[in-house]
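For reference, data_3.cif is printed below; it contains mmCIF, C-alpha atoms.
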data_input
loop_
_atom_site.label_atom_id
_atom_site.label_comp_id
_atom_site.auth_asym_id
_atom_site.auth_seq_id
_atom_site.Cartn_x
_atom_site.Cartn_y
_atom_site.Cartn_z
CA MET D 1112 17.82 -16.91 -9.43
CA ASN D 1113 16.74 -20.53 -9.23
CA ASP D 1114 17.85 -23.12 -11.77
CA ARG D 1115 14.38 -24.65 -11.83
CA PRO D 1116 12.40 -24.56 -15.05
CA ALA D 1117 9.50 -22.13 -15.31
CA GLY D 1118 6.40 -23.60 -13.69
CA TRP D 1119 8.41 -25.79 -11.31
CA ASN D 1120 5.58 -25.68 -8.78
CA PRO D 1121 2.61 -25.54 -11.14
CA LEU D 1122 -1.01 -25.68 -10.15
CA ARG D 1123 -1.66 -29.39 -10.29
CA TRP D 1124 -5.01 -29.02 -11.97
CA ASP D 1125 -5.65 -29.96 -15.58
CA CYS D 1126 -8.53 -27.75 -16.77
CA GLY D 1127 -8.76 -29.74 -20.02
CA ARG D 1128 -9.29 -32.95 -18.07
CA TYR D 1129 -11.23 -31.77 -15.01
CA GLY D 1130 -12.86 -28.51 -16.13
CA CYS D 1131 -12.46 -24.94 -14.89
CA TYR D 1132 -10.52 -24.79 -11.62
CA ASN D 1133 -12.70 -22.01 -10.21
CA VAL D 1134 -15.85 -24.05 -10.82
CA PHE D 1135 -14.68 -27.49 -9.73
CA ALA D 1136 -11.82 -27.04 -7.25
CA ARG D 1137 -11.92 -23.58 -5.69
CA PRO D 1138 -13.67 -23.71 -2.32
CA LYS D 1139 -16.82 -21.59 -2.27
CA ILE D 1140 -15.49 -19.46 0.60
CA GLU D 1141 -18.44 -17.07 0.38
CA GLN D 1142 -20.54 -19.80 2.05
CA PHE D 1143 -18.66 -19.21 5.33
CA ALA D 1144 -19.70 -15.52 5.55
CA GLU D 1145 -22.82 -16.17 7.61
CA TYR D 1146 -20.68 -17.83 10.30
CA LEU D 1147 -18.36 -14.85 10.71
CA PRO D 1148 -19.17 -11.74 12.75
CA GLY D 1149 -20.21 -8.54 11.02
CA ASN D 1150 -19.92 -8.11 7.29
CA ARG D 1151 -16.81 -10.27 6.96
CA GLY D 1152 -15.89 -12.87 4.40
CA MET D 1153 -12.99 -15.21 3.83
CA MET D 1154 -10.21 -13.91 1.60
CA ASP D 1155 -8.40 -15.93 -1.02
CA ILE D 1156 -4.69 -15.26 -1.07
CA ASP D 1157 -3.08 -15.42 -4.48
CA ALA D 1158 0.37 -16.62 -3.43
CA THR D 1159 2.36 -17.18 -0.27
CA VAL D 1160 5.66 -18.75 0.77
CA ASP D 1161 7.56 -19.47 3.99
CA VAL D 1162 11.36 -19.21 3.98
CA ASN D 1163 12.81 -20.12 7.38
CA GLY D 1164 9.85 -18.71 9.28
CA ASN D 1165 9.56 -15.57 7.16
CA PHE D 1166 6.42 -15.15 5.11
CA LEU D 1167 5.79 -13.45 1.81
CA PHE D 1168 2.24 -12.93 0.52
CA ILE D 1169 1.33 -11.73 -2.96
CA GLU D 1170 -2.04 -10.22 -3.76
CA TRP D 1171 -2.55 -9.84 -7.52
CA LYS D 1172 -5.03 -7.39 -9.03
CA HIS D 1173 -5.85 -6.92 -12.70
CA PRO D 1174 -5.30 -3.36 -13.98
CA ASN D 1175 -9.01 -3.06 -14.87
CA ALA D 1176 -10.24 -4.50 -11.58
CA PRO D 1177 -11.45 -2.31 -8.74
CA PRO D 1178 -8.77 -1.38 -6.20
CA MET D 1179 -8.19 -3.53 -3.13
CA LYS D 1180 -11.27 -3.48 -0.94
CA ASP D 1181 -11.13 -2.12 2.59
CA GLY D 1182 -11.41 -5.63 4.08
CA GLN D 1183 -8.35 -6.86 2.19
CA ARG D 1184 -6.41 -3.70 2.97
CA ILE D 1185 -7.18 -4.04 6.69
CA TYR D 1186 -6.28 -7.75 6.54
CA TYR D 1187 -2.81 -7.03 5.13
CA VAL D 1188 -2.23 -4.15 7.54
CA ASN D 1189 -3.12 -6.35 10.52
CA LEU D 1190 -1.29 -9.41 9.16
CA THR D 1191 1.99 -7.56 8.61
CA LYS D 1192 1.76 -5.91 12.05
CA LEU D 1193 1.92 -9.37 13.65
CA SER D 1194 5.61 -9.80 12.90
CA GLU D 1195 8.48 -8.12 11.07
CA ARG D 1196 8.86 -11.48 9.33
CA ILE D 1197 5.64 -11.02 7.36
CA VAL D 1198 5.66 -9.04 4.11
CA ALA D 1199 2.98 -8.66 1.47
CA ILE D 1200 3.26 -7.34 -2.06
CA GLU D 1201 0.24 -5.99 -3.92
CA VAL D 1202 0.76 -6.41 -7.66
CA ILE D 1203 -1.15 -4.74 -10.47
CA GLY D 1204 -0.86 -6.83 -13.60
CA ASP D 1205 -2.40 -9.33 -15.97
CA ALA D 1206 -2.19 -12.80 -14.38
CA ARG D 1207 -3.01 -14.44 -17.72
CA THR D 1208 0.10 -13.03 -19.41
CA MET D 1209 2.11 -12.32 -16.21
CA GLU D 1210 2.58 -8.73 -17.36
CA VAL D 1211 3.24 -6.57 -14.30
CA LYS D 1212 2.55 -2.81 -14.21
CA LYS D 1213 3.32 -1.81 -10.64
CA LEU D 1214 3.63 -3.05 -7.08
CA ARG D 1215 3.63 -1.83 -3.52
CA VAL D 1216 4.96 -3.50 -0.40
CA VAL D 1217 3.09 -3.88 2.88
CA HIS D 1218 5.34 -4.26 5.92
CA ASN D 1219 4.82 -3.54 9.61
CA GLY D 1220 1.23 -2.50 8.86
CA VAL D 1221 2.17 0.16 6.31
CA PHE D 1222 1.50 0.18 2.58
CA GLY D 1223 4.49 1.61 0.72
CA ALA D 1224 4.27 3.81 -2.35
CA TRP D 1225 3.38 2.35 -5.73
CA GLU D 1226 6.43 1.50 -7.84
CA GLU D 1227 6.27 1.14 -11.61
CA THR D 1228 7.85 -2.20 -12.55
CA ASP D 1229 7.56 -5.21 -14.79
CA PHE D 1230 7.60 -8.99 -14.32
CA LYS D 1231 11.40 -9.06 -14.04
CA GLY D 1232 11.26 -6.31 -11.41
CA LEU D 1233 8.75 -8.29 -9.35
CA CYS D 1234 10.89 -11.42 -9.71
CA ALA D 1235 13.95 -9.47 -8.59
CA ARG D 1236 12.10 -8.32 -5.46
CA ILE D 1237 11.02 -11.87 -4.68
CA ASP D 1238 14.54 -13.19 -5.35
CA ASN D 1239 16.10 -10.51 -3.14
CA TRP D 1240 13.70 -11.30 -0.30
CA GLY D 1241 14.21 -15.06 -0.68
CA GLU D 1242 18.00 -14.80 -0.70
CA LYS D 1243 18.02 -12.64 2.44
CA MET D 1244 15.64 -14.93 4.28
CA ASP D 1245 17.54 -18.05 3.21
CA ARG D 1246 20.97 -16.70 4.35
CA ALA D 1247 20.16 -14.98 7.63
CA PRO D 1248 20.09 -16.97 10.86
CA ARG D 1249 16.52 -17.65 11.85
CA HIS D 1250 16.57 -15.62 15.07
CA VAL D 1251 17.80 -12.41 13.39
CA GLN D 1252 15.98 -12.59 10.07
CA LYS D 1253 14.10 -9.48 9.06
CA ALA D 1254 11.50 -9.63 6.31
CA ALA D 1255 12.43 -6.61 4.23
CA VAL D 1256 11.82 -6.48 0.51
#
Please express the file's structure as structure tokens.
Amino acid sequence: MNDRPAGWNPLRWDCGRYGCYNVFARPKIEQFAEYLPGNRGMMDIDATVDVNGNFLFIEWKHPNAPPMKDGQRIYYVNLTKLSERIVAIEVIGDARTMEVKKLRVVHNGVFGAWEETDFKGLCARIDNWGEKMDRAPRHVQKAAV
């Protein structure tokens, strides 16, 4: 685990000073839809990191929210097919409290089975992935969670 304090890389937005982030700072990506073919729209990605050319994406869904839409599912299937060095984790949990209920990994275009877990379990998966990607030589790194 890192020795950094919690929130080491916080969102650098002060809602008390500037107002609601979603209102004032989040790009209105829906306005690009008319410029894309078909019934497509831009997707916001909740979290992503690059460790030595290996990429981890996290898509967070609230337990009461609808399941991942087909467009997002197809996006993560196609994205992770591009390279073994791309992994995505779909998380079901409450982002406000950081309570995690379950997760599933997407790798090589395949969604794995749902796994019951908690916040510490998610952190352990991220830590395990990060350690492997940080230690392995760049040309032989495999993005396995």
### Task
Have a look at D:Asp1155, D:Glu1227, D:Glu1242, D:Asp1161 and name the one nearest to Arg1137 of chain D; count all atoms listed in the file.
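The answer is D:Asp1155, which sits nearest to Arg1137 of chain D.
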#### Entry: Distance of atom CA of Glu1141 of chain D from atom CA of Thr1159 of chain D, expressed in Å to one decimal place
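Interatomic distance here is 20.8 Å.
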### Close residues, Ile1200 of chain D itself excluded, 6 Å, only C-alpha atoms, min 2 positions apart in chain, as a list in words
Ile1169, Arg1215 and Val1216 of chain D
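Between atom CA of Arg1236 of chain D and atom CA of Glu1195 of chain D the interatomic distance comes to 16.9 Å.
In this comparison, which uses only C-alpha atoms, the residue of D:Lys1213, D:Val1160, D:Met1153, D:Leu1167 approaching Tyr1186 of chain D most closely is D:Met1153.
If you count all atoms listed in the file and ignore residues fewer than 4 places along the chain from Ile1156 of chain D, what sits within 10 Å of it is Phe1168, Ile1169, Glu1170, Trp1171 and Gln1183 of chain D.
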Could you pull out every residue with an atom within 12 Å of (1.9, -6.6, 8.8), file coordinates, counting all atoms listed in the file, and send them as a short mmCIF file (atom, residue, chain, number, x, y, z; two decimals) with C-alpha atoms, in the frame of the given file?
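Below is the file result.cif, written as the result:
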data_model
loop_
_atom_site.label_atom_id
_atom_site.label_comp_id
_atom_site.auth_asym_id
_atom_site.auth_seq_id
_atom_site.Cartn_x
_atom_site.Cartn_y
_atom_site.Cartn_z
CA ASN D 1165 9.56 -15.57 7.16
CA PHE D 1166 6.42 -15.15 5.11
CA LEU D 1167 5.79 -13.45 1.81
CA PHE D 1168 2.24 -12.93 0.52
CA ARG D 1184 -6.41 -3.70 2.97
CA ILE D 1185 -7.18 -4.04 6.69
CA TYR D 1186 -6.28 -7.75 6.54
CA TYR D 1187 -2.81 -7.03 5.13
CA VAL D 1188 -2.23 -4.15 7.54
CA ASN D 1189 -3.12 -6.35 10.52
CA LEU D 1190 -1.29 -9.41 9.16
CA THR D 1191 1.99 -7.56 8.61
CA LYS D 1192 1.76 -5.91 12.05
CA LEU D 1193 1.92 -9.37 13.65
CA SER D 1194 5.61 -9.80 12.90
CA GLU D 1195 8.48 -8.12 11.07
CA ARG D 1196 8.86 -11.48 9.33
CA ILE D 1197 5.64 -11.02 7.36
CA VAL D 1198 5.66 -9.04 4.11
CA ALA D 1199 2.98 -8.66 1.47
CA ILE D 1200 3.26 -7.34 -2.06
CA VAL D 1216 4.96 -3.50 -0.40
CA VAL D 1217 3.09 -3.88 2.88
CA HIS D 1218 5.34 -4.26 5.92
CA ASN D 1219 4.82 -3.54 9.61
CA GLY D 1220 1.23 -2.50 8.86
CA VAL D 1221 2.17 0.16 6.31
CA PHE D 1222 1.50 0.18 2.58
CA GLY D 1223 4.49 1.61 0.72
CA ALA D 1254 11.50 -9.63 6.31
CA ALA D 1255 12.43 -6.61 4.23
#
### Task
Excluding Gly1204 of chain D and any residue of its chain fewer than 4 positions from it, enumerate the residues within 9 Å of it, using only C-alpha atoms, and give them as a list in words.
Trp1171, Lys1172, His1173, Pro1174, Thr1208, Met1209, Glu1210, Val1211, Lys1212, Lys1213, Leu1214, Asp1229 and Phe1230 of chain D
Could you write those residues out with C-alpha atoms, as a PDB file, keeping the file's coordinate frame?
ATOM      1  CA  TRP D1171      -2.550  -9.840  -7.520  1.00  0.00           C
ATOM      2  CA  LYS D1172      -5.030  -7.390  -9.030  1.00  0.00           C
ATOM      3  CA  HIS D1173      -5.850  -6.920 -12.700  1.00  0.00           C
ATOM      4  CA  PRO D1174      -5.300  -3.360 -13.980  1.00  0.00           C
ATOM      5  CA  THR D1208       0.100 -13.030 -19.410  1.00  0.00           C
ATOM      6  CA  MET D1209       2.110 -12.320 -16.210  1.00  0.00           C
ATOM      7  CA  GLU D1210       2.580  -8.730 -17.360  1.00  0.00           C
ATOM      8  CA  VAL D1211       3.240  -6.570 -14.300  1.00  0.00           C
ATOM      9  CA  LYS D1212       2.550  -2.810 -14.210  1.00  0.00           C
ATOM     10  CA  LYS D1213       3.320  -1.810 -10.640  1.00  0.00           C
ATOM     11  CA  LEU D1214       3.630  -3.050  -7.080  1.00  0.00           C
ATOM     12  CA  ASP D1229       7.560  -5.210 -14.790  1.00  0.00           C
ATOM     13  CA  PHE D1230       7.600  -8.990 -14.320  1.00  0.00           C
TER      14      PHE D1230
END
### Summary
Between atom CA of Lys1139 of chain D and atom CA of Asp1205 of chain D lies a distance of 23.4 Å
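Proximity ranking of D:Lys1180, D:Ala1136, D:Met1244, D:Glu1201 relative to Arg1151 of chain D places D:Lys1180 first, based on only C-alpha atoms.
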As lines of an AutoDock Vina configuration file, what would the box around segment 1187-1200 of chain D look like: edges along x, y and z, 3 Å added on every side, centre and edge lengths in Å to one decimal?
center_x = 2.9
center_y = -7.8
center_z = 5.8
size_x = 18.0
size_y = 13.3
size_z = 21.7
